[in-house]
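J.: Sending over a structure as structure tokens; questions will come in a sec.
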Amino acid sequence: MIAALLARDPVVLAPMEDVTDAPFRRACRGVGAAICVTEFVAADQIVVGSKLARRRIALAADDRPTAIQIYGSDPDLLQRAAVIAAAARPTFVDINCGCWIPKIAARGAGAGWLRDPAAMVEMAGRIVAAVEVPVTVKTRIGWGPESDMPIVELARRLEDVGVAAIAIHCRTAQVGHTGPADWSWARRAREAVSIPVIVNGDVKTAADAVRALAETGCAGVMVGRAAIDHPWIFREARALLSPSQAGGAPLVGPTDAERVAMYRELVIGNAAARGERIGVAMTRRHVRVLGELAAAIRPQLFGASTLVDTLAVLDAREIPMRHIATHA
Ligand SMILES: Cc1cc2nc3c(=O)[nH]c(=O)nc-3n(C[C@H](O)[C@H](O)[C@H](O)COP(=O)(O)O)c2cc1C
């Protein structure tokens, strides 16, 4: 099932905490994303039914295909959390075995599982057996600094216990997000298994996404940070991947009107989902969706603390645009 989804839509929105919530997933789908993954959700919070966890695992009827990502260090809690998450009817449940943040990895959650691959495999197998939906794992090539990364053997063993697909962030946990991602490990893992492998890390443009698929032969490619500033990467990758574009027709970027509409959609969605104050503030993370316009209206935009004021700044954008034209 995941293979079929990826065959149609190979470019996946990566899970990102405080980013890939329902409003952002909707915005990305509006510009070509299909498969999305929620922010990670702590297993213990799912089990106690915290407000945060309930919000993160709630999926609207049109929020499909979306995976719910869970994380934790305790297999029992993870299993119980997976059952609760599966009841929200995600397309699949993803287990985070790649988060490098010390307070998470040091207590055995996220990338901490890479320190004990056998335990990771056993935990994943338990979850596969406990839920009806497919289970996937997102991990890294290794803990670091191994010279021969454990990911290839790990991928084989995860396939053996029924994991439906693996997303590989092609860095070690030790390097976090720094240094180049080594996609060759995703290729090697892909060659070792028959389940879909999704390559992740350092995909900055649509052309990178196409190159990552071509260089690795992976079924999918996952885009994280690049989508925060430029959700149109999904539309652009679709254009590059579609046969009618095979001749390499130049891609036209978003217009200013589309950029403003994107910010508008995000701020309205975030205010509705999180409340006005937090929603307005968190949308500023996406200021670069405004492209060149961002530099001109950033002071007013960041000074606006209500939704009405934010929308007024967006509506008044012609003034700074004229300003740019005059001083070009
Ligand atoms: C702000 C932020 C939040 C993230 N949160 C998560 C998360 O909740 N779960 C996860 O598996 N990875 C998380 N990641 C890692 C991304 O999914 C991805 O693996 C990483 O950013 C590398 O891909 P990129 O180079 O395309 O950004 C996060 C990354 C960023 C930048």
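Here, A, B, ... name the chains of the structure tokens in the order displayed, residue numbers run from 1 inside each chain, and ligands are numbered from 1 in the same displayed order.
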Among the residues of stretch 118-149 of chain A, find those DSSP assigns to strand (DSSP E or B) from the backbone and print them as a ChimeraX atom specification.
T.: /A:135-142
J.: Can I get the residues close to ligand 1 as a PyMOL selection string, where close means within 10 Å and we count only C-alpha atoms and all ligand atoms?
T.: chain A and resi 12-20+37-42+69-71+94-101+110-111+137-140+167-171+176-178+180-181+199-205+209+221-228+285
J.: Which residue out of A:Val121, A:Leu290, A:Ala109, A:Ala7 has the minimum interatomic distance to A:Pro254 when only C-alpha atoms are used?
T.: A:Leu290
J.: Could you tell me how far atom CA of A:His286 lies from atom CA of A:Ala237, in Å and to one decimal?
T.: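 Between atom CA of A:His286 and atom CA of A:Ala237 the gap works out to 20.0 Å.
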J.: Atom CA of A:Pro134 and atom CA of A:Ala186, how far apart in Å?
T.: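 Atom-to-atom, atom CA of A:Ala186 and atom CA of A:Pro134 are spaced 20.6 Å apart.
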J.: I need the residues in stretch 99-152 of chain A that are helix (DSSP H, G or I) according to DSSP; give them as a compact mmCIF listing (two decimals) with N, CA and C atoms, in the first residue's frame.
T.:
# COMPACT_ATOMS: atom_id res chain seq x y z
N PRO A 102 19.62 15.66 22.40
CA PRO A 102 20.16 14.89 23.53
C PRO A 102 19.12 14.50 24.57
N LYS A 103 18.19 15.41 24.91
CA LYS A 103 17.27 15.04 25.99
C LYS A 103 16.33 13.90 25.57
N ILE A 104 16.23 13.66 24.30
CA ILE A 104 15.40 12.55 23.81
C ILE A 104 16.26 11.31 23.56
N ALA A 105 17.34 11.49 22.78
CA ALA A 105 18.16 10.34 22.42
C ALA A 105 18.87 9.74 23.64
N GLY A 110 13.94 8.07 20.21
CA GLY A 110 14.47 8.63 18.97
C GLY A 110 15.70 7.86 18.51
N ALA A 111 16.76 8.62 18.20
CA ALA A 111 17.99 7.97 17.71
C ALA A 111 18.64 7.10 18.77
N GLY A 112 18.24 7.25 20.03
CA GLY A 112 18.76 6.40 21.10
C GLY A 112 18.59 4.92 20.77
N TRP A 113 17.55 4.59 20.00
CA TRP A 113 17.35 3.18 19.61
C TRP A 113 18.50 2.65 18.78
N LEU A 114 19.22 3.55 18.11
CA LEU A 114 20.34 3.09 17.26
C LEU A 114 21.50 2.53 18.10
N ARG A 115 21.48 2.81 19.38
CA ARG A 115 22.54 2.27 20.24
C ARG A 115 22.27 0.81 20.55
N PRO A 117 20.34 -1.74 18.23
CA PRO A 117 19.50 -2.08 17.08
C PRO A 117 18.60 -3.30 17.33
N ALA A 118 19.09 -4.28 18.09
CA ALA A 118 18.27 -5.48 18.33
C ALA A 118 17.00 -5.10 19.09
N ALA A 119 17.16 -4.19 20.07
CA ALA A 119 15.99 -3.75 20.83
C ALA A 119 15.04 -2.95 19.93
N MET A 120 15.61 -2.16 19.02
CA MET A 120 14.77 -1.40 18.09
C MET A 120 13.91 -2.35 17.25
N VAL A 121 14.56 -3.38 16.74
CA VAL A 121 13.85 -4.33 15.87
C VAL A 121 12.75 -5.03 16.66
N GLU A 122 13.07 -5.44 17.87
CA GLU A 122 12.06 -6.15 18.68
C GLU A 122 10.88 -5.23 18.97
N MET A 123 11.18 -3.98 19.35
CA MET A 123 10.12 -3.01 19.63
C MET A 123 9.25 -2.79 18.38
N ALA A 124 9.89 -2.62 17.23
CA ALA A 124 9.13 -2.38 15.99
C ALA A 124 8.24 -3.58 15.68
N GLY A 125 8.78 -4.79 15.88
CA GLY A 125 7.99 -5.99 15.62
C GLY A 125 6.76 -6.07 16.52
N ARG A 126 6.92 -5.67 17.76
CA ARG A 126 5.77 -5.68 18.69
C ARG A 126 4.70 -4.73 18.20
N ILE A 127 5.13 -3.58 17.73
CA ILE A 127 4.14 -2.58 17.27
C ILE A 127 3.44 -3.06 16.00
N VAL A 128 4.22 -3.66 15.11
CA VAL A 128 3.61 -4.20 13.88
C VAL A 128 2.51 -5.19 14.26
N ALA A 129 2.80 -6.03 15.25
CA ALA A 129 1.83 -7.07 15.63
C ALA A 129 0.61 -6.49 16.34
N ALA A 130 0.76 -5.28 16.91
CA ALA A 130 -0.30 -4.73 17.76
C ALA A 130 -1.32 -3.89 17.00
N ILE A 151 22.87 0.73 9.19
CA ILE A 151 21.54 0.88 8.58
C ILE A 151 21.17 -0.24 7.62
N VAL A 152 22.15 -0.81 6.91
CA VAL A 152 21.79 -1.82 5.91
C VAL A 152 21.24 -3.08 6.59
J.: Give me the residues near stretch 142-145 of chain A as a tab-separated table (two decimals) with C-alpha atoms, in the first residue's frame, where near means some atom within 6 Å (using only C-alpha atoms) and where sequence neighbours in that chain fewer than 3 positions away do not count.
T.:
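Listing of selection_35.tsv after writing:
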chain	number	residue	atom	x	y	z
A	114	LEU	CA	20.34	3.09	17.26
A	149	MET	CA	26.89	2.08	9.15
A	150	PRO	CA	24.42	-0.34	10.75
A	172	THR	CA	24.45	9.85	12.01
A	173	ALA	CA	22.76	10.90	15.23
A	174	GLN	CA	26.03	12.43	16.42
J.: For A:Glu215, which of A:Arg259, A:Arg80, A:Arg188, A:Arg288 is the closest residue, counting only C-alpha atoms?
T.: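 Residue with the minimum atom-to-atom distance to A:Glu215: A:Arg188.
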J.: Which is closer to A:Arg235 than all the others in A:Gly220, A:Gly291, A:Gly49, A:Gly253, using only C-alpha atoms?
T.: A:Gly253
J.: Hey, what's within 8 Å of A:Ala27 if we count only C-alpha atoms and toss same-chain stuff fewer than 3 positions away? As a list in words, please?
T.: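 Here the answer would be Pro23, Phe24, Gly30, Val31, Pro231, Met262, Glu265 and Leu266 of chain A.
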J.: Give the answer as one residue: which of A:Asp208, A:Glu159, A:Glu146, A:Asp21 has the shortest atom-to-atom distance to A:Ala67, using only C-alpha atoms?
T.: A:Asp21
